[in-house]
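J.: File name model23.txt; file contents compact mmCIF, C-alpha atoms and all ligand atoms; full text below.
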# COMPACT_ATOMS: atom_id res chain seq x y z
CA MET K 1 96.63 -18.14 -55.93
CA ARG K 2 98.40 -17.59 -59.25
CA LEU K 3 95.34 -18.04 -61.49
CA LYS K 4 92.52 -16.68 -59.33
CA ASN K 5 89.42 -15.85 -61.43
CA LYS K 6 91.17 -16.78 -64.69
CA ASN K 7 88.96 -18.68 -67.15
CA ILE K 8 90.87 -21.41 -68.93
CA LEU K 9 89.87 -23.68 -71.81
CA ILE K 10 92.00 -26.83 -72.12
CA THR K 11 91.48 -29.06 -75.16
CA GLY K 12 92.02 -32.78 -74.60
CA SER K 13 91.82 -32.51 -70.83
CA THR K 14 90.13 -35.81 -69.97
CA ARG K 15 93.44 -37.59 -69.35
CA GLY K 16 97.24 -37.38 -69.54
CA ILE K 17 98.94 -33.99 -69.78
CA GLY K 18 95.64 -32.11 -70.27
CA LEU K 19 94.12 -33.54 -67.08
CA SER K 20 97.29 -32.74 -65.13
CA ILE K 21 97.07 -29.14 -66.43
CA ALA K 22 93.42 -29.00 -65.31
CA HIS K 23 94.38 -30.01 -61.74
CA GLU K 24 97.30 -27.55 -61.64
CA CYS K 25 95.15 -24.64 -62.86
CA ALA K 26 92.14 -25.38 -60.62
CA LYS K 27 94.47 -25.69 -57.60
CA GLU K 28 95.58 -22.12 -58.34
CA GLY K 29 92.02 -20.76 -58.49
CA ALA K 30 91.17 -21.00 -62.20
CA ASN K 31 87.71 -21.71 -63.64
CA LEU K 32 87.92 -24.42 -66.27
CA VAL K 33 86.46 -25.74 -69.48
CA ILE K 34 87.28 -29.44 -69.73
CA HIS K 35 87.18 -30.90 -73.23
CA GLY K 36 87.44 -34.30 -74.88
CA THR K 37 85.82 -36.45 -77.52
CA LYS K 38 83.38 -38.50 -75.39
CA PRO K 39 80.59 -36.73 -73.44
CA GLU K 40 80.48 -39.43 -70.69
CA LYS K 41 84.22 -39.13 -70.08
CA VAL K 42 84.07 -35.32 -70.05
CA ASN K 43 81.20 -35.39 -67.52
CA GLU K 44 83.04 -37.92 -65.35
CA ILE K 45 86.15 -35.70 -65.20
CA VAL K 46 84.12 -32.55 -64.55
CA ASP K 47 82.37 -34.31 -61.62
CA GLN K 48 85.70 -35.54 -60.22
CA LEU K 49 87.30 -32.08 -60.39
CA LYS K 50 84.24 -30.36 -58.90
CA LYS K 51 84.55 -32.60 -55.82
CA ILE K 52 88.10 -31.32 -55.24
CA TYR K 53 88.04 -27.65 -56.31
CA PRO K 54 85.56 -24.86 -55.50
CA THR K 55 86.03 -23.03 -58.82
CA LYS K 56 83.57 -23.14 -61.73
CA ILE K 57 84.21 -26.20 -63.90
CA VAL K 58 82.26 -27.06 -67.05
CA GLY K 59 82.94 -29.52 -69.83
CA PHE K 60 82.09 -30.10 -73.50
CA ALA K 61 82.72 -32.90 -75.99
CA TYR K 62 83.63 -32.00 -79.56
CA ASN K 63 85.80 -33.58 -82.21
CA ILE K 64 88.19 -30.73 -82.88
CA LYS K 65 89.16 -32.06 -86.29
CA GLU K 66 86.25 -29.98 -87.62
CA PHE K 67 86.47 -26.18 -87.78
CA GLU K 68 82.79 -25.73 -86.91
CA ASN K 69 83.17 -27.86 -83.76
CA CYS K 70 86.03 -25.62 -82.60
CA GLN K 71 83.83 -22.56 -83.13
CA ASN K 72 81.04 -24.20 -81.11
CA LEU K 73 83.43 -25.23 -78.33
CA VAL K 74 84.65 -21.64 -77.95
CA LYS K 75 81.10 -20.27 -78.20
CA GLN K 76 79.74 -22.62 -75.51
CA SER K 77 82.75 -21.92 -73.27
CA LEU K 78 82.22 -18.17 -73.56
CA GLU K 79 78.51 -18.59 -72.81
CA SER K 80 79.29 -20.64 -69.69
CA LEU K 81 82.16 -18.62 -68.21
CA ASN K 82 81.31 -15.17 -69.76
CA SER K 83 84.91 -14.70 -70.90
CA LEU K 84 88.09 -16.66 -71.50
CA ASP K 85 91.62 -15.66 -70.47
CA VAL K 86 93.69 -18.65 -71.56
CA LEU K 87 93.39 -21.19 -74.38
CA ILE K 88 95.50 -24.32 -74.06
CA ASN K 89 95.66 -26.23 -77.35
CA ASN K 90 96.64 -29.59 -75.87
CA ALA K 91 94.58 -32.28 -77.67
CA GLY K 92 96.62 -34.52 -79.93
CA ILE K 93 97.02 -38.02 -81.33
CA THR K 94 99.71 -40.21 -82.88
CA LYS K 95 99.33 -42.55 -85.87
CA ASP K 96 102.91 -43.66 -86.37
CA ASN K 97 104.28 -45.37 -89.46
CA LEU K 98 107.33 -45.18 -91.64
CA LEU K 99 106.74 -42.91 -94.63
CA LEU K 100 106.60 -45.79 -97.13
CA ARG K 101 103.82 -47.43 -95.12
CA MET K 102 102.01 -44.27 -93.96
CA SER K 103 98.53 -44.01 -95.46
CA GLU K 104 96.96 -40.76 -96.60
CA GLU K 105 94.43 -41.22 -93.80
CA GLU K 106 97.14 -41.54 -91.12
CA TRP K 107 98.74 -38.38 -92.48
CA SER K 108 95.58 -36.28 -92.64
CA ASP K 109 94.11 -37.53 -89.32
CA VAL K 110 97.19 -36.39 -87.45
CA ILE K 111 97.53 -33.10 -89.34
CA GLN K 112 93.87 -32.25 -88.80
CA THR K 113 93.75 -33.25 -85.13
CA ASN K 114 97.13 -31.84 -84.09
CA LEU K 115 97.67 -28.84 -86.36
CA THR K 116 94.46 -27.72 -88.09
CA SER K 117 92.63 -27.76 -84.74
CA VAL K 118 95.20 -25.31 -83.34
CA PHE K 119 94.46 -22.94 -86.24
CA SER K 120 90.69 -23.43 -85.77
CA MET K 121 90.69 -22.94 -81.99
CA THR K 122 93.00 -19.91 -82.18
CA LYS K 123 90.89 -18.31 -84.90
CA ALA K 124 87.69 -19.03 -82.98
CA ILE K 125 88.94 -17.42 -79.77
CA SER K 126 90.83 -14.50 -81.34
CA LYS K 127 87.84 -12.13 -81.63
CA SER K 128 87.11 -12.26 -77.90
CA PHE K 129 90.84 -11.96 -77.00
CA LEU K 130 91.22 -8.96 -79.34
CA LYS K 131 88.10 -7.31 -77.93
CA GLN K 132 89.28 -7.64 -74.34
CA LYS K 133 92.89 -6.72 -75.37
CA SER K 134 94.32 -9.69 -73.46
CA GLY K 135 94.65 -13.45 -73.69
CA LYS K 136 97.16 -16.25 -73.59
CA ILE K 137 97.47 -19.11 -76.05
CA ILE K 138 99.57 -22.11 -75.07
CA ASN K 139 100.15 -24.74 -77.76
CA MET K 140 101.29 -28.27 -76.94
CA SER K 141 104.05 -29.08 -79.39
CA SER K 142 106.70 -31.81 -79.04
CA VAL K 143 110.44 -32.39 -79.17
CA VAL K 144 109.61 -34.29 -82.37
CA GLY K 145 108.52 -30.99 -83.94
CA ILE K 146 112.07 -29.70 -83.40
CA ILE K 147 114.32 -32.68 -84.18
CA GLY K 148 112.00 -34.99 -86.20
CA ASN K 149 111.59 -38.72 -85.54
CA ALA K 150 111.63 -41.73 -87.85
CA GLY K 151 108.12 -43.20 -88.06
CA GLN K 152 106.40 -39.92 -87.20
CA ALA K 153 106.43 -37.82 -90.39
CA ASN K 154 102.78 -36.80 -89.80
CA TYR K 155 103.27 -35.96 -86.11
CA ALA K 156 106.60 -34.16 -86.67
CA ALA K 157 105.11 -32.06 -89.48
CA ALA K 158 102.11 -31.14 -87.31
CA LYS K 159 104.23 -30.20 -84.29
CA GLY K 160 106.80 -28.35 -86.42
CA GLY K 161 103.85 -26.47 -87.93
CA ILE K 162 102.63 -25.57 -84.45
CA ASN K 163 106.02 -24.06 -83.65
CA THR K 164 106.04 -21.61 -86.56
CA PHE K 165 102.29 -20.98 -86.17
CA THR K 166 103.04 -20.00 -82.55
CA LYS K 167 105.71 -17.49 -83.59
CA THR K 168 103.44 -16.06 -86.29
CA ILE K 169 100.50 -15.53 -83.93
CA ALA K 170 102.88 -13.95 -81.40
CA LYS K 171 103.90 -11.46 -84.11
CA GLU K 172 100.32 -10.80 -85.30
CA PHE K 173 98.89 -10.32 -81.79
CA GLY K 174 101.95 -9.08 -79.90
CA ALA K 175 100.81 -5.47 -79.74
CA LYS K 176 97.26 -6.46 -78.75
CA GLY K 177 98.08 -7.77 -75.26
CA ILE K 178 97.94 -11.40 -76.41
CA GLN K 179 100.80 -13.85 -75.85
CA CYS K 180 101.23 -17.10 -77.75
CA ASN K 181 103.80 -19.70 -76.67
CA ALA K 182 104.38 -23.40 -77.24
CA ILE K 183 105.66 -26.16 -75.00
CA ALA K 184 107.73 -28.94 -76.53
CA PRO K 185 107.66 -31.95 -74.19
CA GLY K 186 109.98 -34.88 -74.66
CA PHE K 187 108.67 -38.36 -73.77
CA ILE K 188 106.13 -37.97 -70.98
CA LYS K 189 104.55 -40.89 -69.12
CA THR K 190 100.93 -40.93 -70.38
CA GLU K 191 98.62 -43.35 -72.20
CA MET K 192 99.90 -41.84 -75.48
CA ILE K 193 103.27 -43.54 -75.09
CA ASP K 194 101.89 -46.68 -73.38
CA THR K 195 101.63 -48.33 -76.78
CA LEU K 196 105.36 -47.94 -77.58
CA PRO K 197 107.39 -51.16 -77.25
CA GLU K 198 109.50 -51.34 -74.05
CA GLU K 199 112.70 -51.94 -76.01
CA TYR K 200 112.13 -48.76 -78.06
CA LEU K 201 111.40 -46.73 -74.92
CA ASN K 202 114.60 -48.00 -73.27
CA THR K 203 116.61 -46.85 -76.30
CA ILE K 204 114.92 -43.45 -76.07
CA ILE K 205 115.67 -43.16 -72.34
CA LYS K 206 119.36 -43.84 -73.02
CA SER K 207 119.38 -40.89 -75.48
CA ILE K 208 117.90 -38.44 -72.94
CA PRO K 209 120.55 -36.52 -70.93
CA ALA K 210 118.30 -36.77 -67.83
CA LYS K 211 118.10 -40.59 -68.38
CA LYS K 212 114.40 -40.77 -67.57
CA LEU K 213 110.94 -40.06 -68.98
CA GLY K 214 109.16 -36.87 -67.94
CA SER K 215 105.99 -36.71 -65.82
CA THR K 216 102.77 -34.85 -66.59
CA ASP K 217 103.65 -32.57 -63.63
CA ASP K 218 106.84 -31.49 -65.39
CA VAL K 219 104.69 -30.09 -68.19
CA SER K 220 101.77 -28.69 -66.20
CA LYS K 221 104.06 -26.67 -63.88
CA LEU K 222 105.31 -24.79 -66.96
CA VAL K 223 101.74 -24.33 -68.22
CA LEU K 224 100.87 -22.78 -64.87
CA PHE K 225 103.65 -20.19 -65.30
CA LEU K 226 102.70 -19.45 -68.93
CA ALA K 227 99.01 -19.09 -68.03
CA SER K 228 99.76 -16.66 -65.19
CA ASN K 229 100.58 -12.94 -65.37
CA GLU K 230 104.16 -13.87 -64.44
CA SER K 231 104.80 -14.60 -68.14
CA ASP K 232 103.28 -11.40 -69.60
CA TYR K 233 106.49 -10.39 -71.42
CA ILE K 234 107.14 -13.85 -72.91
CA THR K 235 105.72 -14.56 -76.36
CA GLY K 236 106.53 -16.57 -79.48
CA GLN K 237 108.68 -19.06 -77.56
CA ILE K 238 108.94 -22.83 -77.96
CA ILE K 239 109.92 -24.03 -74.51
CA SER K 240 111.32 -27.55 -74.19
CA VAL K 241 110.47 -29.82 -71.28
CA ASP K 242 112.45 -32.83 -72.40
CA GLY K 243 115.28 -33.64 -70.00
CA GLY K 244 117.70 -32.19 -72.55
CA MET K 245 116.62 -34.43 -75.41
CA ASN K 246 116.87 -31.75 -78.14
CA ILE K 247 120.32 -30.43 -77.20
N1 LIG K 301 102.97 -38.00 -73.88
C1 LIG K 301 104.04 -37.55 -74.49
O1 LIG K 301 105.15 -38.14 -74.41
C2 LIG K 301 103.99 -36.28 -75.30
C3 LIG K 301 105.19 -35.74 -75.75
C4 LIG K 301 105.18 -34.56 -76.50
C5 LIG K 301 103.98 -33.95 -76.77
N2 LIG K 301 102.82 -34.49 -76.33
C6 LIG K 301 101.58 -33.78 -76.68
O2 LIG K 301 100.86 -33.45 -75.51
C7 LIG K 301 99.46 -33.46 -75.78
C8 LIG K 301 98.75 -34.37 -74.79
O3 LIG K 301 99.33 -35.67 -74.89
P1 LIG K 301 98.98 -36.86 -73.89
O4 LIG K 301 100.18 -37.72 -73.81
O5 LIG K 301 98.37 -36.32 -72.64
O6 LIG K 301 97.88 -37.62 -74.78
P2 LIG K 301 96.62 -38.51 -74.36
O7 LIG K 301 96.42 -39.43 -75.51
O8 LIG K 301 96.78 -39.09 -73.00
O9 LIG K 301 95.45 -37.42 -74.31
C9 LIG K 301 95.01 -36.78 -75.49
C10 LIG K 301 93.77 -35.96 -75.22
O10 LIG K 301 93.38 -35.38 -76.47
C11 LIG K 301 92.00 -35.65 -76.73
N3 LIG K 301 91.78 -35.76 -78.18
C12 LIG K 301 92.47 -36.50 -79.08
N4 LIG K 301 91.93 -36.35 -80.30
C13 LIG K 301 90.89 -35.50 -80.19
C14 LIG K 301 89.94 -34.95 -81.10
N5 LIG K 301 89.93 -35.25 -82.41
N6 LIG K 301 89.00 -34.10 -80.61
C15 LIG K 301 88.98 -33.79 -79.31
N7 LIG K 301 89.85 -34.26 -78.40
C16 LIG K 301 90.79 -35.11 -78.83
C17 LIG K 301 91.71 -36.96 -76.01
O11 LIG K 301 90.34 -37.08 -75.71
C18 LIG K 301 92.58 -36.80 -74.75
O12 LIG K 301 91.87 -36.06 -73.78
C19 LIG K 301 99.32 -33.91 -77.25
O13 LIG K 301 99.21 -32.78 -78.08
C20 LIG K 301 100.63 -34.62 -77.51
O14 LIG K 301 100.98 -34.62 -78.88
C21 LIG K 301 102.80 -35.63 -75.60
Here is a file; write its structure as structure tokens.

T.:
Amino acid sequence: MRLKNKNILITGSTRGIGLSIAHECAKEGANLVIHGTKPEKVNEIVDQLKKIYPTKIVGFAYNIKEFENCQNLVKQSLESLNSLDVLINNAGITKDNLLLRMSEEEWSDVIQTNLTSVFSMTKAISKSFLKQKSGKIINMSSVVGIIGNAGQANYAAAKGGINTFTKTIAKEFGAKGIQCNAIAPGFIKTEMIDTLPEEYLNTIIKSIPAKKLGSTDDVSKLVLFLASNESDYITGQIISVDGGMNI
């Protein structure tokens, strides 16, 4: 078991990539904090996971756009599991529009949900990681944060921000036993990309060297490695899982 007795908090783990990460980690012996926006959904997922895995699994609903909510999420998680070993900043949204049509609200919603929350969660957990002289932070970025994408100025800026935030935290905490890495997925089959028109997706697929979309498993297998002690000497990296899209 690669994550036996590890306590892992995964933001946005009620569906998609986050839920896949939850399964992967629990399968390897980790205790989990499941998180999402709706309490009923969080409870439903916690109940489902508990039926499959014998590890300790709890769940909390908070809108992580607010700094105080992030503090409370970390506080409640620490109270429930006594300590945390891994934080996975996975929650994210898209509100796509071309720059000329993008509203201030679309910009700030995406920046707050995708980038400010990563700052808030990392800051909230840092005291306990520093005290125990260990901890792993895994941030969910995107290929779009590396190469940009028309219609996603807000999302690209947030994910690009995550990339340099990741390197900065790796430098600040490197000597304290804390690693911080980011994963940059390409287009992964989840509800997030369900809304994209088929024609657009087909054009995207043609531009991917692997000529296919990725699966949530492709991402969660890498998370498993980064959450385990196998990755102890890896920090400040942005690792692409994109079928070669950013080459
Ligand atoms: N699907 C892709 O193709 C793809 C590609 C690159 C990066 N990503 C990134 O991976 C992560 C997960 O994506 P996904 O496709 O699984 O998305 P998804 O929409 O299926 O799931 C998003 C999760 O985030 C949670 N969430 C959203 N806003 C929140 C808020 N304000 N407060 C609390 N929770 C909130 C949702 O409840 C949900 O659990 C995101 O950060 C996304 O940007 C996805």

J.: Distance limit 6 Å, reference ligand LIG 301 (chain K), atoms considered: all atoms listed in the file. Which residues make the cut? Give them as a ChimeraX atom specification.

T.: /K:12-18,36-37,62-65,90-93,113,140-142,185-193

J.: Which is closest to Gly151 in chain K among K:Ile137, K:Ile208, K:Ile169, K:Leu98, if we use all atoms listed in the file?

T.: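 Closest candidate: K:Leu98.
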
J.: Which residues, written as JSON, numbers by chain, have at least one atom at most 12 Å from range 49-55 of chain K, with all atoms listed in the file counted and residues fewer than 4 positions away on the same chain left out?

T.: {"K": [3, 4, 5, 6, 7, 8, 13, 14, 19, 20, 21, 22, 23, 24, 25, 26, 27, 28, 29, 30, 31, 32, 33, 34, 42, 43, 44, 45, 59, 81]}

J.: Just checking: using all atoms listed in the file, which residue out of K:Ser215, K:Ser77, K:Thr168, K:Thr94 ends up closest to Gln152 in chain K?

T.: K:Thr94

J.: With 8 Å on each side, where is the centre of the axis-aligned box around all listed atoms of range 190-205 of chain K, and how long are its edges in Å to one decimal, as AutoDock Vina command-line options?

T.:
--center_x 107.6 --center_y -46.4 --center_z -74.2 --size_x 34.0 --size_y 27.0 --size_z 23.7

J.: Rank K:Gln179, K:Thr195, K:Asn149, K:Ser120 by their smallest atom-to-atom distance to Leu99 in chain K, using all atoms listed in the file, and report the top residue only.

T.: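 Counting all atoms listed in the file, the residue closest to Leu99 in chain K is K:Asn149.
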
J.: Complete range 16-27 of chain K at the level of all heavy atoms, written as a tab-separated table (two decimals), in the frame of the given file.

T.:
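See rebuild_16.tsv below for the written result:
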chain	number	residue	atom	x	y	z
K	16	GLY	N	95.85	-37.72	-69.20
K	16	GLY	CA	97.24	-37.38	-69.54
K	16	GLY	C	97.65	-35.97	-69.15
K	16	GLY	O	97.30	-35.47	-68.07
K	17	ILE	N	98.39	-35.33	-70.05
K	17	ILE	CA	98.94	-33.99	-69.78
K	17	ILE	C	97.80	-32.98	-69.56
K	17	ILE	O	97.86	-32.16	-68.64
K	17	ILE	CB	99.86	-33.55	-70.95
K	17	ILE	CG1	101.12	-34.45	-71.00
K	17	ILE	CG2	100.25	-32.09	-70.82
K	17	ILE	CD1	102.00	-34.25	-72.22
K	18	GLY	N	96.76	-33.06	-70.38
K	18	GLY	CA	95.64	-32.11	-70.27
K	18	GLY	C	94.97	-32.17	-68.91
K	18	GLY	O	94.65	-31.13	-68.30
K	19	LEU	N	94.77	-33.39	-68.40
K	19	LEU	CA	94.12	-33.54	-67.08
K	19	LEU	C	95.04	-33.01	-65.98
K	19	LEU	O	94.57	-32.37	-65.02
K	19	LEU	CB	93.76	-35.02	-66.84
K	19	LEU	CG	93.06	-35.33	-65.53
K	19	LEU	CD1	91.77	-34.52	-65.36
K	19	LEU	CD2	92.73	-36.83	-65.43
K	20	SER	N	96.32	-33.25	-66.11
K	20	SER	CA	97.29	-32.74	-65.13
K	20	SER	C	97.27	-31.20	-65.13
K	20	SER	O	97.31	-30.57	-64.07
K	20	SER	CB	98.68	-33.28	-65.48
K	20	SER	OG	99.66	-32.64	-64.75
K	21	ILE	N	97.16	-30.61	-66.33
K	21	ILE	CA	97.07	-29.14	-66.43
K	21	ILE	C	95.80	-28.65	-65.73
K	21	ILE	O	95.81	-27.65	-65.01
K	21	ILE	CB	97.06	-28.69	-67.92
K	21	ILE	CG1	98.40	-29.03	-68.59
K	21	ILE	CG2	96.75	-27.21	-68.05
K	21	ILE	CD1	98.40	-28.87	-70.12
K	22	ALA	N	94.70	-29.39	-65.93
K	22	ALA	CA	93.42	-29.00	-65.31
K	22	ALA	C	93.57	-28.95	-63.78
K	22	ALA	O	93.15	-27.97	-63.14
K	22	ALA	CB	92.33	-29.99	-65.72
K	23	HIS	N	94.18	-29.99	-63.20
K	23	HIS	CA	94.38	-30.01	-61.74
K	23	HIS	C	95.25	-28.82	-61.30
K	23	HIS	O	94.92	-28.13	-60.33
K	23	HIS	CB	95.08	-31.32	-61.32
K	23	HIS	CG	94.12	-32.47	-61.18
K	23	HIS	ND1	93.27	-32.61	-60.09
K	23	HIS	CD2	93.88	-33.53	-61.98
K	23	HIS	CE1	92.54	-33.71	-60.25
K	23	HIS	NE2	92.88	-34.29	-61.38
K	24	GLU	N	96.34	-28.61	-62.00
K	24	GLU	CA	97.30	-27.55	-61.64
K	24	GLU	C	96.61	-26.18	-61.66
K	24	GLU	O	96.81	-25.37	-60.76
K	24	GLU	CB	98.46	-27.59	-62.64
K	24	GLU	CG	99.76	-27.04	-62.15
K	24	GLU	CD	100.30	-27.77	-60.94
K	24	GLU	OE1	100.42	-29.01	-60.97
K	24	GLU	OE2	100.60	-27.09	-59.96
K	25	CYS	N	95.81	-25.95	-62.71
K	25	CYS	CA	95.15	-24.64	-62.86
K	25	CYS	C	94.04	-24.45	-61.82
K	25	CYS	O	93.92	-23.36	-61.23
K	25	CYS	CB	94.58	-24.48	-64.27
K	25	CYS	SG	95.85	-24.38	-65.54
K	26	ALA	N	93.24	-25.50	-61.60
K	26	ALA	CA	92.14	-25.38	-60.62
K	26	ALA	C	92.69	-25.17	-59.21
K	26	ALA	O	92.14	-24.41	-58.41
K	26	ALA	CB	91.25	-26.61	-60.68
K	27	LYS	N	93.80	-25.84	-58.90
K	27	LYS	CA	94.47	-25.69	-57.60
K	27	LYS	C	94.85	-24.24	-57.36
K	27	LYS	O	94.87	-23.77	-56.23
K	27	LYS	CB	95.76	-26.53	-57.65
K	27	LYS	CG	96.00	-27.43	-56.45
K	27	LYS	CD	97.37	-28.10	-56.55
K	27	LYS	CE	97.33	-29.37	-57.39
K	27	LYS	NZ	98.67	-29.93	-57.66
